[in-house]
Structure formats: C-alpha cells, structure tokens
Amino acid sequence: MFKVEREQEIIEKVYPIDEMLGKLVHLTENQWGIYAFYHEPLERKFTKEQKIKYIQKAYQCGQEEAKLLKEQYPNKTIEEIIMENGFCLHTSDEPIGGEYVVLAQYTEPNEILIYSDCVKKAEVLIKENQLEQYLKNLQIKELLMAHELFHGIEYQKKKSIYTQTEKIELWRKPFSNKSKIVCLSEIGAMAFAKELLQIPFSPYVMDVLLMFCYQEEMASLLYEEILEATGIQGIEESGVL
Ligand SMILES: [Zn+2]
C-alpha cells in the first residue's frame with residue numbers, strides 16, 4: 001500500500017515544497033531505508049548495521065524484479081505489464097481523507113487501485129511550484145502503479161522473494177515465532193518503481209509531496225522526521241556539514 005500516516009503532533013512551521021524537495025531528492029537509499037525503519041513495528045530489534053544490511057538486500061530485490069520485467073517486456077508500458085501479469089487495474093475518483101492518506105492500494109490476489117484525486121492534486125502542485133526541476137518528467141500515476149505492482153509480485157512469489165521470506169525470530173525455544181519485517185516490502189516496492197521507471201531519485205520523496213497536497217503542516221512534520229531519521233538535521237546543527 002502506498003500511504004502516508006498522519007502524525008498526531010501539530011507543528012506551526014510549514015516549509016515551502018520546493019525547499020523540501022530540493023533536499024529530499026539528494027538523500028541516499030540507505031538514508032531512506034533508515035526512515036522506512038522508523039515505521040517498522042520491530043524497529044528496536046535491530047542495530048543500525050543490521051538495518052543497513054536489510055535495506056540493501058530489500059533494495060536489490062526490488063531492483064532485480066524490475067530488471068526481470070524490463071527484459072521480459074522491453075517495449076510495454078507499466079499499464080500493459082500490469083495487465084500481462086494478470087492484475088486488474090482500477091482507479092477511484094473518491095476524495096481522500098481520514099486517518100491515513102491512502103494513495104494507492106494492492107488487494108490480494110490481483111487488484112491494484114489508484115486514487116486519481118491525489119494524482120491530479122500532485123500534478124497541479126508540481127506545475128504551480130515549478131517542481132519539474134527536481135522531478136524531471138515524473139509520472140505520478142505510473143509511480144503508484146509500479147509500487148503496487150511490486151506488492152502483487154511479492155504475493156505471486158511469496159515463497160521465494162526476499163522481502164517476504166526474510167524473517168526475524170521473535171521468541172526462542174520452546175516456542176518459535178518468526179515475523180516478517182514489514183518495511184522491507186516498502187523498501188523493495190520503492191526500489192522496484194525507481195528501477196522500472198528509471199527515476200533518478202528515491203520514490204520515497206513522494207511521501208512528502210503527496211502529503212503536502214492534503215496537509216502542508218503534516219508534510220512539514222514528515223519532512224522533519226525524515227531529516228531526523230537520516231541524521232541530516234543533527235549534522236547541520238552541530239556544524240559538521
Ligand atoms: Zn507499499
């Protein structure tokens with residue numbers, strides 16, 4: 001699912017969208033991965049070094065799946081690839097609201113749903129703020145479709161794909177309980193979309209851009225959280241950068 005969580009905390013500060021994007025497009029995949037782990041329920045179980053190993057493997061997994069599809073369908077659009085692989089693509093015009101800003105959704109076994117409300121809003125925002133300088137010719141809808149397609153592929157390959165098979169042992173004997181690391185799926189889906197659509201920056205940038213379409217304060221808070229997760233804020237404040 002491509003969703004952005006609304007934060008409870010309210011802040012006064014709203015950053016201009018071009019300032020935020022200008023910074024976010026330069027973050028590395030490892031930095032985005034650390035941010036992804038912020039929302040991982042098992043986050044405390046891992047050291048930073050372990051997280052980096054997981055991030056790199058999940059990233060590679062997404063990238064390899066995209067390369068496989070590109071080889072298989074060199075001249076097809078993302079929409080055609082979705083159809084060829086047996087998925088049904090739907091779009092909804094319903095306005096988005098509630099606790100989460102859900103932008104797109106995959107439902108097992110083969111439904112992909114894109115909310116066109118957020119796509120339209122994002123396109124207007126990009127135009128009005130001349131954000132093309134950062135985003136080049138990014139197609140938001142294609143990006144959302146690619147992200148959800150990865151979740152569909154994960155379902156089809158759930159017994160073999162890294163993002164589904166990697167597990168952590170939560171309890172030792174006598175009862176073994178292994179759990180999936182949820183954020184690896186998201187890291188894989190972003191890497192997949194990036195590779196498939198040849199996007200020069202991390203699609204995680206969309207978390208802030210799409211949230212900004214609905215709540216500017218929340219997008220700013222998310223931006224601060226990303227900088228905190230990636231260590232950028234701290235570095236700048238201590239004057240090292
Ligand atoms: Zn997702």
# chains A, B, ... in the order shown; residues from 1 in each chain; ligands from 1

call {"tool": "closest_atom_pairs", "arguments": {"of": "chain A", "to": "ligand 1", "cutoff": "8 Å", "atoms": "only C-alpha atoms and all ligand atoms", "output": "tab-separated table"}}
result
residue	atom	partner	partner_atom_place_in_ligand_line	distance
A:Met1	CA	ligand 1	1 (Zn)	3.6
A:Phe2	CA	ligand 1	1 (Zn)	4.4
A:Lys3	CA	ligand 1	1 (Zn)	7.3
A:Gln105	CA	ligand 1	1 (Zn)	7.6
A:His147	CA	ligand 1	1 (Zn)	6.2
A:Glu148	CA	ligand 1	1 (Zn)	6.2
A:His151	CA	ligand 1	1 (Zn)	6.7
A:Ser185	CA	ligand 1	1 (Zn)	6.8
A:Glu186	CA	ligand 1	1 (Zn)	4.8
A:Ala189	CA	ligand 1	1 (Zn)	6.1
A:Met190	CA	ligand 1	1 (Zn)	7.9

call {"tool": "select_by_dssp", "arguments": {"residues": "range 23-227 of chain A", "states": "helix (DSSP H, G or I)", "output": "ChimeraX atom specification"}}
result
/A:23-24,29-38,43-45,48-72,78-84,116-128,132-135,140-156,162-165,182-197,205-214,216-227

call {"tool": "write_last_selection", "arguments": {"atoms": "C-alpha atoms", "output": "CSV table (one decimal), in the first residue's frame"}}
result
chain,number,residue,atom,x,y,z
A,23,LYS,CA,16.8,18.5,-0.2
A,24,LEU,CA,14.9,15.2,-0.4
A,29,GLU,CA,18.8,4.8,-0.5
A,30,ASN,CA,20.3,3.9,2.9
A,31,GLN,CA,19.0,7.1,4.4
A,32,TRP,CA,15.5,6.5,3.0
A,33,GLY,CA,15.8,2.9,4.4
A,34,ILE,CA,16.5,4.2,7.9
A,35,TYR,CA,13.4,6.4,7.6
A,36,ALA,CA,11.4,3.3,6.4
A,37,PHE,CA,12.6,1.5,9.6
A,38,TYR,CA,11.1,4.4,11.7
A,43,GLU,CA,12.5,-1.4,14.7
A,44,ARG,CA,14.0,-1.8,18.2
A,45,LYS,CA,15.2,-5.3,17.5
A,48,LYS,CA,21.9,0.4,12.6
A,49,GLU,CA,24.4,-2.0,10.9
A,50,GLN,CA,21.7,-4.7,10.7
A,51,LYS,CA,19.2,-2.3,9.3
A,52,ILE,CA,21.6,-1.2,6.5
A,53,LYS,CA,22.1,-4.9,5.5
A,54,TYR,CA,18.4,-5.4,5.3
A,55,ILE,CA,17.9,-2.2,3.4
A,56,GLN,CA,20.5,-3.1,0.8
A,57,LYS,CA,19.1,-6.6,0.3
A,58,ALA,CA,15.5,-5.3,0.0
A,59,TYR,CA,16.6,-2.7,-2.4
A,60,GLN,CA,18.4,-5.2,-4.6
A,61,CYS,CA,15.4,-7.4,-4.5
A,62,GLY,CA,13.1,-4.7,-5.8
A,63,GLN,CA,15.7,-3.7,-8.4
A,64,GLU,CA,16.2,-7.2,-9.7
A,65,GLU,CA,12.5,-7.8,-10.0
A,66,ALA,CA,12.2,-4.7,-12.1
A,67,LYS,CA,15.1,-5.7,-14.3
A,68,LEU,CA,13.4,-9.1,-14.9
A,69,LEU,CA,10.2,-7.4,-16.1
A,70,LYS,CA,12.1,-4.9,-18.3
A,71,GLU,CA,13.8,-7.8,-20.0
A,72,GLN,CA,10.6,-9.7,-20.4
A,78,ILE,CA,3.6,-0.1,-17.0
A,79,GLU,CA,-0.1,-0.4,-17.5
A,80,GLU,CA,0.4,-3.2,-20.1
A,81,ILE,CA,2.9,-5.0,-17.9
A,82,ILE,CA,0.3,-5.0,-15.1
A,83,MET,CA,-2.4,-6.5,-17.4
A,84,GLU,CA,0.0,-9.1,-18.9
A,116,SER,CA,-6.7,9.7,-9.0
A,117,ASP,CA,-7.6,12.5,-6.6
A,118,CYS,CA,-4.0,12.6,-5.3
A,119,VAL,CA,-2.5,12.2,-8.8
A,120,LYS,CA,-4.4,15.3,-10.0
A,121,LYS,CA,-3.6,17.3,-6.9
A,122,ALA,CA,0.1,16.4,-7.2
A,123,GLU,CA,0.3,17.4,-10.9
A,124,VAL,CA,-1.2,20.8,-10.1
A,125,LEU,CA,1.3,21.3,-7.2
A,126,ILE,CA,4.2,20.3,-9.4
A,127,LYS,CA,3.2,22.8,-12.1
A,128,GLU,CA,2.4,25.7,-9.8
A,132,GLU,CA,9.8,19.7,-12.6
A,133,GLN,CA,13.3,21.0,-12.0
A,134,TYR,CA,13.6,18.3,-9.2
A,135,LEU,CA,11.2,15.7,-10.5
A,140,ILE,CA,2.9,10.1,-10.5
A,141,LYS,CA,0.3,7.6,-11.6
A,142,GLU,CA,2.9,5.3,-13.2
A,143,LEU,CA,4.9,5.5,-10.0
A,144,LEU,CA,2.0,4.5,-7.8
A,145,MET,CA,1.1,1.7,-10.2
A,146,ALA,CA,4.7,0.4,-10.2
A,147,HIS,CA,4.8,0.4,-6.4
A,148,GLU,CA,1.6,-1.6,-6.1
A,149,LEU,CA,2.7,-4.0,-8.9
A,150,PHE,CA,5.7,-5.0,-6.7
A,151,HIS,CA,3.3,-6.0,-3.9
A,152,GLY,CA,1.4,-8.1,-6.4
A,153,ILE,CA,4.7,-9.8,-7.5
A,154,GLU,CA,5.5,-10.3,-3.8
A,155,TYR,CA,2.2,-12.2,-3.5
A,156,GLN,CA,2.9,-14.3,-6.6
A,162,TYR,CA,13.4,-11.9,-0.3
A,163,THR,CA,11.1,-9.2,1.0
A,164,GLN,CA,8.6,-11.9,2.0
A,165,THR,CA,10.9,-14.7,3.1
A,182,VAL,CA,7.2,-5.2,7.1
A,183,CYS,CA,9.3,-2.2,6.0
A,184,LEU,CA,11.4,-4.4,3.7
A,185,SER,CA,8.4,-4.8,1.5
A,186,GLU,CA,8.1,-1.0,1.2
A,187,ILE,CA,11.8,-0.5,0.5
A,188,GLY,CA,11.6,-3.2,-2.2
A,189,ALA,CA,8.5,-1.6,-3.8
A,190,MET,CA,10.2,1.8,-3.9
A,191,ALA,CA,13.4,0.3,-5.4
A,192,PHE,CA,11.3,-1.6,-7.9
A,193,ALA,CA,9.4,1.6,-9.1
A,194,LYS,CA,12.7,3.5,-9.3
A,195,GLU,CA,14.3,0.9,-11.5
A,196,LEU,CA,11.3,0.1,-13.6
A,197,LEU,CA,10.6,3.8,-14.4
A,205,VAL,CA,10.2,11.7,-2.0
A,206,MET,CA,6.5,11.2,-2.9
A,207,ASP,CA,5.6,10.7,0.8
A,208,VAL,CA,6.2,14.4,1.4
A,209,LEU,CA,4.9,15.7,-2.0
A,210,LEU,CA,1.7,13.8,-1.8
A,211,MET,CA,1.1,14.6,1.8
A,212,PHE,CA,1.7,18.3,1.0
A,213,CYS,CA,-1.3,18.1,-1.4
A,214,TYR,CA,-3.6,17.4,1.6
A,216,GLU,CA,1.0,21.2,4.4
A,217,GLU,CA,1.8,21.0,8.2
A,218,MET,CA,1.8,17.2,8.2
A,219,ALA,CA,4.1,17.2,5.2
A,220,SER,CA,6.4,19.5,7.0
A,221,LEU,CA,6.4,17.3,10.1
A,222,LEU,CA,7.1,14.3,7.9
A,223,TYR,CA,10.0,16.2,6.3
A,224,GLU,CA,11.5,17.0,9.8
A,225,GLU,CA,11.1,13.3,10.7
A,226,ILE,CA,12.9,12.2,7.5
A,227,LEU,CA,15.8,14.6,8.2
